[in-house]
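What follows is one structure encoded as structure tokens, with my remarks underneath.
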Amino acid sequence: MASVSAHELAKKQKEISVAEFFERNKHILGFGNQTRALITSVKEGVDNGLDACEEANILPDIYVEIKNHEDGECRIIIEDNGPGVVKKQIPHIFGRLLYGSRFHAIRQSRGQQGIGISAVVLYGQLTTGKHAKIISKVETDRPAVVNEIAIDTNKNRAEVISRDTIHWDKPTGTRVEISIMADFKRGKRFVYDYLQSTSIVNPHAQIIYKEPDGTEHIFERTSEVLPRKAVEIKPHPYGVELGTLIKMAKHTKARQLNSFLKTEFSSMGDRTTNMAIEKAGLEKNLNPKEMTREQFLALHKAFKKVKIMAPSTDCLSPIGETLIKRSLKHETQEISPEFIITASRPPSVYSGNPFQVEVGLVYGGNLPKEESVKILRFANRVPLLYQQGGCVITQAISSIDWRRYGLTQPSGKGIPTGPAIFITHVSSTLIPFTSESKEAIADVPEIENEIKLAFRECARKVQQHINKKVRRAKTREKFDLITRILPEIAKKSAHMLGKPVPPLDPIITKIMDVVWIEDLIEYESVKREPVQTTLTENQPEQKEGVITKSQIMIVNYKHTPQKFNLYAVIPQDAVVGTVSPKPSKITNNYIKWNLDTIPPANKIDIVFELAGLSKGDFDENDLYIENINPTYVIGADKWEGD
Amino acid sequence: MNKDYSEVINKIDMVATKIYNDFQKADIPSLDLPTRTKANIKFDDNLSVWKYGKNTTQRNAKSLDGAYMLLRTMYMADFIKEMIKIKKSSTLREMYYISEGWDLAKFHSQNESNLLAEDLEVITGCMREDFKLRPEEDGARVIGNLTIEEVTRNNTKKKIHCQDDVGDAGYSIPYNVEPEKITFKGIDADFIIAIETGGMFDRLVENGFDTSNRAILVHIKGQPARSTRRFIKRLSKEKNIPVLVFTDCDPWSYRIFASIAYGAIKTAHISEYLATPSSQYLGVTPSDIQNYDLPTDTLSKEDIHALKSELTDPRFQDSFWKQEIKLQLKIGKKSEQQALAKYGLDYVTDTYLPEKLAEMGLFKK
């Protein structure tokens with residue numbers, strides 16, 4: 001048997017072209033079939049546009065248009081008002097796979113792998129043979145550039161087919177037009193769902209979507225404030241992989257191991273650095289570039305044995321409860337839900353990666369009662385449309401017993417049935433997706449736990465809401481009774497017997513036997529600019545402001561004097577204005593009053609004002625009481641502490 | 001004619017006093033009354049009728065419904081006092097409309113006001129007639145060899161013979177059948193037949209059954225009004241004449257019989273005035289359906305439910321009813337009186353009734 005020489009083998013070992021790579025992996029890249037291809041294409045384009053705008057501190061205006069040809073070819077047009085792309089970069093960004101600035105940075109962003117928009121260009125080229133058209137304008141007083149781009153699949157390089165300049169009304173922005181083979185008929189609903197969902201988690205963006213038949217959907221902007229910019233952070237030792245550690249050591253400017261660890265990683269101070277080096281059995285003046293694989297392995301293992309502070313979490317940009325609520329309210333107007341409740345967890349960490357969970361629950365209204373609840377999943381402000389069953393979010397929701405909260409769920413497990421929508425947003429510097437197509441979040445115990453905790457909190461609020469409503473309705477009946485009917489009975493009996501009307505007060509307190517708290521929220525438009533609510537510099541022109549005015553009335557219908565403390569929970573982003581009577585404490589989260597003693601049949605009025613909120617952001621008082629038996633009180637719950 | 005109402009006013013004032021004193025004592029105002037359900041009727045051995053048992057229900061001002069009830073009771077009591085004072089009476093329906101002016105106390109349906117009038121009877125132990133309230137129900141019809149003396153609206157006494165002085169529609173029973181209104185003079189008959197449907201009443205009249213079989217025919221018009229039941233009760237008792245009830249063969253007709261013979265659940269507080277314990281059920285029985293091979297309909301869900309409910313009704317606990325109801329549930333059929341016409345128009349008078357009467361030992365040839 002003749003041996004095959006290395007040279008002969010080398011002849012067969014040629015570079016796999018990107019086209020081949022794409023063809024082999026298109027299912028994991030989200031182009032598995034023509035429906036998926038349509039949604040992935042829109043998604044990549046919109047994500048790109050949103051990221052570009054946010055990086056440039058511009059409130060995004062995204063325009064999406066799909067033109068459908070009968071032979072199955074769709075032209076997808078996506079336009080943003082971002083900063084545009086400089087001429088030189090256009091071929092790289094749109095015509096080269098795995099190219100992008102985001103891949104190397106550790107902070108929260110929509111795309112993470114940089115496969116993005118160039119994959120759509122390639123898919124279009126492979127399926128239709130047509131070139132992508134990119135229009136970009138980077139300066140207000142300069143014309144826009146039009147490029148026709150093709151991808152040389154052998155070299156993974158862009159070819160600029162033509163380049164021209166045109167006039168474009170937009171100050172700056174990017175417009176991408178790509179023809180792809182797609183199934184619009186089947187994908188139609190998904191595109192709409194995707195854009196609507198995107199709008200929910202991006203309240204600062206306006207999205208206009210034009211369908212092939214000319215129908216236009218406008219998803220309006222509900223917040224004029226850009227999300228907090230995610231800050232880049234260094235890798236955390238708990239999350240770093242051995243390979244990355246070795247690569248980082250090769251490229252570092254540090255000459256000694258201890259300074260390498262201190263400068264290239266987050267949360268590494270002198271003490272933790274020394275402890276890690278000691279646990280690894282290494283010298284701190286070792287040159288990182290000269291370390292052996294065994295030494296790296298020892299160091300990598302040592303990281304796990306040292307208690308290292310969690311990474312800083314300002315690299316995350318959560319949406320915030322107020323905005324989620326406002327956005328949900330806006331998008332569910334037609335459903336007219338009974339209530340919308342949100343909960344958000346403090347940032348947490350899994351394997352050194354910061355993450356944060358926010359959830360929301362829309363209940364009632366026109367939502368179908370007999371169907372499974374709708375689960376909307378989001379990762380870094382991007383809707384996850386597929387593989388619901390394999391996602392940790394679904395798993396967490398299914399593991400909660402929802403039967404106590406007005407939903408049906410056989411044996412208290414699985415996706416519950418009832419008129420509700422569940423929203424989950426996970427933001428992280430690294431979302432642990434189950435696959436490259438980024439459709440489901442992997443089963444990470446820390447994340448699952450946080451989601452569960454968030455929904456439990458939500459469920460608790462739902463329970464409170466329902467209880468409060470039931471108790472209020474019952475007591476309101478009594479109220480009706482004692483204020484209207486009882487005096488009439490007394491009067492009539494007195495009249496029949498020709499006697500004076502008997503006293504009522506003792507019976508009123510006997511029947512009510514509660515402390516009654518009633519509240520009302522009003523909105524007052526103000527011309528003057530309200531208190532500044534954000535530190536973002538790129539603050540758009542202030543629209544007419546709203547002062548949220550909350551009035552609370554407390555009546556003692558018990559036959560003994562009552563004295564207790566009252567807490568009113570307020571949104572974190574609200575600014576407290578006038579408060580009367582004088583509160584004993586105001587924090588970010590609540591206002592507290594130590595109330596004077598209220599004699600039987602007497603009342604106290606409380607008023608407070610909040611600025612910095614939109615109308616409807618704060619539409620229900622959340623009141624708590626302390627130093628009184630909570631069963632005596634209607635309209636507030638027991639204060640459980642901060 | 002001029003009845004003394006001072007006792008009635010006393011009793012009504014006692015209700016107002018109870019409420020007034022509750023207020024004075026800082027007690028939550030309340031009234032107690034017997035529970036008016038099937039579960040709370042007991043057979044009174046002395047009177048041989050079904051009366052309310054010991055269970056009471058409290059209406060109090062702790063709940064909205066209870067408070068409304070008390071307020072309406074006050075209004076109704078006051079209204080009755082007023083009527084007595086000005087010597088007027090009103091129909092139940094008129095009172096329902098008058099309540100429109102009672103503001104918070106107004107009724108939402110006439111059923112509500114009728115029930116409350118009954119409640120007030122129960123609480124005070126008075127009768128509706130004492131309250132100057134009357135139904136607008138037109139009385140049932142009577143044909144037979146019977147002479148009635150009625151005090152007319154002109155305050156004159158008038159004798160009416162229920163065959164010679166009336167047309168084929170018969171003598172119409174007035175809403176007040178107390179002795180101050182009507183008295184029974186001459187009678188020559190062997191029994192009273194209370195007939196559920198107008199069609200069967202007319203058949204018997206046309207066939208001359210009242211004459212041929214010495215019967216007093218009473219058309220009770222479905223569930224009989226109080227005055228009809230009181231009329232039958234008085235006639236049967238004063239003239240010592242048996243009562244037979246002839247109805248359709250379905251659960252609702254059995255309840256008609258029960259209300260004549262034992263008293264109705266709703267009016268159990270005055271059963272001794274209204275019920276004729278000696279009444280007998282003539283037919284149509286479920287056994288008749290089989291014996292006479294009558295045309296039938298299938299029992300509906302409601303029918304079956306009603307039959308089953310009758311099986312637990314204390315008034316239907318004798319072996320006759322238990323057997324018949326169980327039989328009916330078994331065959332799953334019901335039938336009408338007029339189904340007897342299957343065998344010809346005269347069959348009921350010539351064959352069915354004589355056979356049934358003979359069975360009951362009442363038929364004399």
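FYI, nothing fancy with the structure tokens labels: chains A, B, ... in order, residues from 1 per chain, ligands from 1 as they appear.
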Taking only C-alpha atoms into account, which residues of chain A are within 7 Å of chain B, as a VMD selection string?
chain A and resid 477 to 478 481 485 488 to 490 492 to 494 496 502 to 504 506 to 507 511
Restrict the selected residues to N, CA and C atoms and save them as a PDB file, in the first residue's frame.
```
ATOM      1  N   GLU A 477     -69.386  48.189  49.334  1.00  0.00           N
ATOM      2  CA  GLU A 477     -70.789  47.840  49.538  1.00  0.00           C
ATOM      3  C   GLU A 477     -71.262  48.305  50.898  1.00  0.00           C
ATOM      4  N   LYS A 478     -70.425  48.028  51.880  1.00  0.00           N
ATOM      5  CA  LYS A 478     -70.783  48.422  53.231  1.00  0.00           C
ATOM      6  C   LYS A 478     -70.873  49.933  53.333  1.00  0.00           C
ATOM      7  N   LEU A 481     -73.961  51.065  52.144  1.00  0.00           N
ATOM      8  CA  LEU A 481     -74.986  50.702  53.104  1.00  0.00           C
ATOM      9  C   LEU A 481     -75.088  51.723  54.231  1.00  0.00           C
ATOM     10  N   ILE A 485     -78.302  53.607  53.128  1.00  0.00           N
ATOM     11  CA  ILE A 485     -79.458  52.800  53.478  1.00  0.00           C
ATOM     12  C   ILE A 485     -79.783  52.873  54.966  1.00  0.00           C
ATOM     13  N   GLU A 488     -81.769  55.728  56.214  1.00  0.00           N
ATOM     14  CA  GLU A 488     -83.153  55.639  55.732  1.00  0.00           C
ATOM     15  C   GLU A 488     -83.977  54.689  56.599  1.00  0.00           C
ATOM     16  N   ILE A 489     -83.377  53.559  56.961  1.00  0.00           N
ATOM     17  CA  ILE A 489     -84.100  52.599  57.804  1.00  0.00           C
ATOM     18  C   ILE A 489     -84.440  53.261  59.137  1.00  0.00           C
ATOM     19  N   ALA A 490     -83.453  53.946  59.692  1.00  0.00           N
ATOM     20  CA  ALA A 490     -83.661  54.606  60.981  1.00  0.00           C
ATOM     21  C   ALA A 490     -84.780  55.645  60.882  1.00  0.00           C
ATOM     22  N   LYS A 492     -87.201  55.851  58.696  1.00  0.00           N
ATOM     23  CA  LYS A 492     -88.518  55.274  58.436  1.00  0.00           C
ATOM     24  C   LYS A 492     -89.101  54.665  59.716  1.00  0.00           C
ATOM     25  N   SER A 493     -88.291  53.968  60.475  1.00  0.00           N
ATOM     26  CA  SER A 493     -88.817  53.339  61.690  1.00  0.00           C
ATOM     27  C   SER A 493     -89.259  54.417  62.683  1.00  0.00           C
ATOM     28  N   ALA A 494     -88.474  55.487  62.733  1.00  0.00           N
ATOM     29  CA  ALA A 494     -88.837  56.587  63.628  1.00  0.00           C
ATOM     30  C   ALA A 494     -90.146  57.229  63.178  1.00  0.00           C
ATOM     31  N   MET A 496     -92.596  55.873  61.476  1.00  0.00           N
ATOM     32  CA  MET A 496     -93.755  55.016  61.718  1.00  0.00           C
ATOM     33  C   MET A 496     -94.210  55.076  63.163  1.00  0.00           C
ATOM     34  N   PRO A 502     -83.248  57.731  65.666  1.00  0.00           N
ATOM     35  CA  PRO A 502     -82.254  57.206  66.616  1.00  0.00           C
ATOM     36  C   PRO A 502     -80.820  57.513  66.166  1.00  0.00           C
ATOM     37  N   PRO A 503     -79.856  57.481  67.111  1.00  0.00           N
ATOM     38  CA  PRO A 503     -78.451  57.756  66.738  1.00  0.00           C
ATOM     39  C   PRO A 503     -77.883  56.629  65.874  1.00  0.00           C
ATOM     40  N   LEU A 504     -76.989  57.007  64.931  1.00  0.00           N
ATOM     41  CA  LEU A 504     -76.475  56.019  63.969  1.00  0.00           C
ATOM     42  C   LEU A 504     -75.009  55.660  64.195  1.00  0.00           C
ATOM     43  N   PRO A 506     -72.875  54.714  66.509  1.00  0.00           N
ATOM     44  CA  PRO A 506     -72.366  53.468  67.090  1.00  0.00           C
ATOM     45  C   PRO A 506     -72.570  52.274  66.164  1.00  0.00           C
ATOM     46  N   ILE A 507     -73.659  52.285  65.433  1.00  0.00           N
ATOM     47  CA  ILE A 507     -73.925  51.153  64.543  1.00  0.00           C
ATOM     48  C   ILE A 507     -73.032  51.211  63.314  1.00  0.00           C
ATOM     49  N   ILE A 511     -70.730  48.173  62.112  1.00  0.00           N
ATOM     50  CA  ILE A 511     -70.862  47.472  60.832  1.00  0.00           C
ATOM     51  C   ILE A 511     -69.564  47.543  60.041  1.00  0.00           C
TER      52      ILE A 511
END
```
Can you pull out every residue from region 193-302 of chain A that DSSP, working from the backbone, puts in strand (DSSP E or B), and format the result as a PyMOL selection string?
chain A and resi 206-210+216-219
I need the chosen residues saved as a JSON list (two decimals), in the first residue's frame, with C-alpha atoms.
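selection.json written:
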```
[["chain", "number", "residue", "atom", "x", "y", "z"],
["A", 206, "GLN", "CA", -40.16, 54.32, 16.60],
["A", 207, "ILE", "CA", -40.65, 51.60, 14.02],
["A", 208, "ILE", "CA", -42.64, 52.00, 10.84],
["A", 209, "TYR", "CA", -43.37, 48.86, 8.88],
["A", 210, "LYS", "CA", -44.78, 48.80, 5.38],
["A", 216, "GLU", "CA", -48.40, 50.58, 7.15],
["A", 217, "HIS", "CA", -47.95, 49.82, 10.84],
["A", 218, "ILE", "CA", -46.52, 52.40, 13.15],
["A", 219, "PHE", "CA", -45.07, 51.29, 16.46]]
```
Give the alpha helix (DSSP H) residues of region 16-212 of chain A, as assigned by DSSP on the backbone, as a PyMOL selection string.
chain A and resi 18-25+34-55+90-95+116-128+184-201
Distance of CA of Lys38 (chain B) from CA of Ser300 (chain B), expressed in Å to one decimal place
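Computed distance, CA of Ser300 (chain B) to CA of Lys38 (chain B), equals 22.4 Å.
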Between B:Arg59, B:Gly263, B:Lys51, B:Pro251, which one has atoms that come closest to Lys308 (chain B), using only C-alpha atoms?
B:Pro251
Point out the residue among B:Thr91, B:Thr124, B:Asn240, B:Thr37 with the least atom-to-atom distance to Gln110 (chain B), counting only C-alpha atoms.
B:Thr91
With distances taken over only C-alpha atoms, which residue among B:Thr156, B:Thr57, B:Thr349, B:Thr298 lies nearest Gly332 (chain B)?
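Among B:Thr156, B:Thr57, B:Thr349, B:Thr298, it is B:Thr298 that comes nearest to Gly332 (chain B).
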Identify, on the basis of only C-alpha atoms, every residue whose closest approach to Asp32 (chain B) does not exceed 10 Å; exclude the query and any residue fewer than 6 positions from it along the same chain; express the result as a ChimeraX atom specification.
/B:55-60,122-123
Can those selected residues be exported to a file as a compact mmCIF listing (two decimals), in the first residue's frame so that it contains C-alpha atoms?
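So result-v2.txt came out as:
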```
# COMPACT_ATOMS: atom_id res chain seq x y z
CA ASN B 55 -85.36 27.11 61.32
CA THR B 56 -85.17 30.84 61.09
CA THR B 57 -83.33 33.18 58.81
CA GLN B 58 -82.04 36.49 60.01
CA ARG B 59 -82.19 39.53 57.79
CA ASN B 60 -79.78 42.11 59.16
CA VAL B 122 -94.78 35.49 58.08
CA ILE B 123 -93.18 38.01 60.44
```
Can you pull out every residue within 7 Å of region 417-431 of chain A, counting only C-alpha atoms, but drop anything in the same chain fewer than 3 positions away, and send it as an MDAnalysis selection string?
chainID A and resid 106:108 316 318 353:364 367:380 407:409 441
Can you tell me, as number ranges by chain, what residues are no more than 7 Å from Ile41 (chain B) when counting only C-alpha atoms, ignoring any on the same chain fewer than 5 positions away?
B: 50-53
Would you write out those residues with C-alpha atoms, as a CSV table (one decimal), in the first residue's frame?
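Just written: result22.csv:
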```csv
chain,number,residue,atom,x,y,z
B,50,TRP,CA,-97.4,21.3,56.3
B,51,LYS,CA,-96.2,24.3,58.2
B,52,TYR,CA,-92.8,26.0,58.6
B,53,GLY,CA,-90.4,24.3,61.0
```
Near region 557-571 of chain A, 12 Å: region 449-499 of chain A residue rows, closest pairs, only C-alpha atoms, as JSON lines:
```
{"residue": "A:Thr475", "atom": "CA", "partner": "A:Tyr557", "partner_atom": "CA", "distance": 11.3}
{"residue": "A:Lys478", "atom": "CA", "partner": "A:Tyr557", "partner_atom": "CA", "distance": 11.3}
{"residue": "A:Phe479", "atom": "CA", "partner": "A:Tyr557", "partner_atom": "CA", "distance": 10.2}
{"residue": "A:Ile482", "atom": "CA", "partner": "A:Tyr557", "partner_atom": "CA", "distance": 10.9}
```
Neighbours of Glu73 (chain A) within 9 Å (only C-alpha atoms; same-chain residues fewer than 4 positions away dropped), as a list in words?
Lys67, Asn68, His69, Thr127, Thr128, Ser179, Ile180, Met181, Ala182, Asp183 and Phe184 of chain A
Suppose we keep C-alpha atoms; can you now write the selection as a PDB file, in the first residue's frame?
```
ATOM      1  CA  LYS A  67     -41.699  44.175  -1.350  1.00  0.00           C
ATOM      2  CA  ASN A  68     -42.942  40.799  -2.387  1.00  0.00           C
ATOM      3  CA  HIS A  69     -42.605  39.302  -5.846  1.00  0.00           C
ATOM      4  CA  THR A 127     -30.586  32.694  -3.462  1.00  0.00           C
ATOM      5  CA  THR A 128     -31.313  35.481  -5.929  1.00  0.00           C
ATOM      6  CA  SER A 179     -33.277  40.772  -2.282  1.00  0.00           C
ATOM      7  CA  ILE A 180     -33.730  37.323  -0.811  1.00  0.00           C
ATOM      8  CA  MET A 181     -35.809  34.253  -1.519  1.00  0.00           C
ATOM      9  CA  ALA A 182     -38.389  34.179   1.258  1.00  0.00           C
ATOM     10  CA  ASP A 183     -41.868  33.005   2.088  1.00  0.00           C
ATOM     11  CA  PHE A 184     -43.725  36.189   2.894  1.00  0.00           C
TER      12      PHE A 184
END
```
Please provide the set of residues having any atom within 7 Å of region 143-148 of chain B, restricted to only C-alpha atoms, with same-chain residues fewer than 5 positions apart removed, written as a PyMOL selection string.
chain B and resi 159-163+170-171+182-189+210+215-218
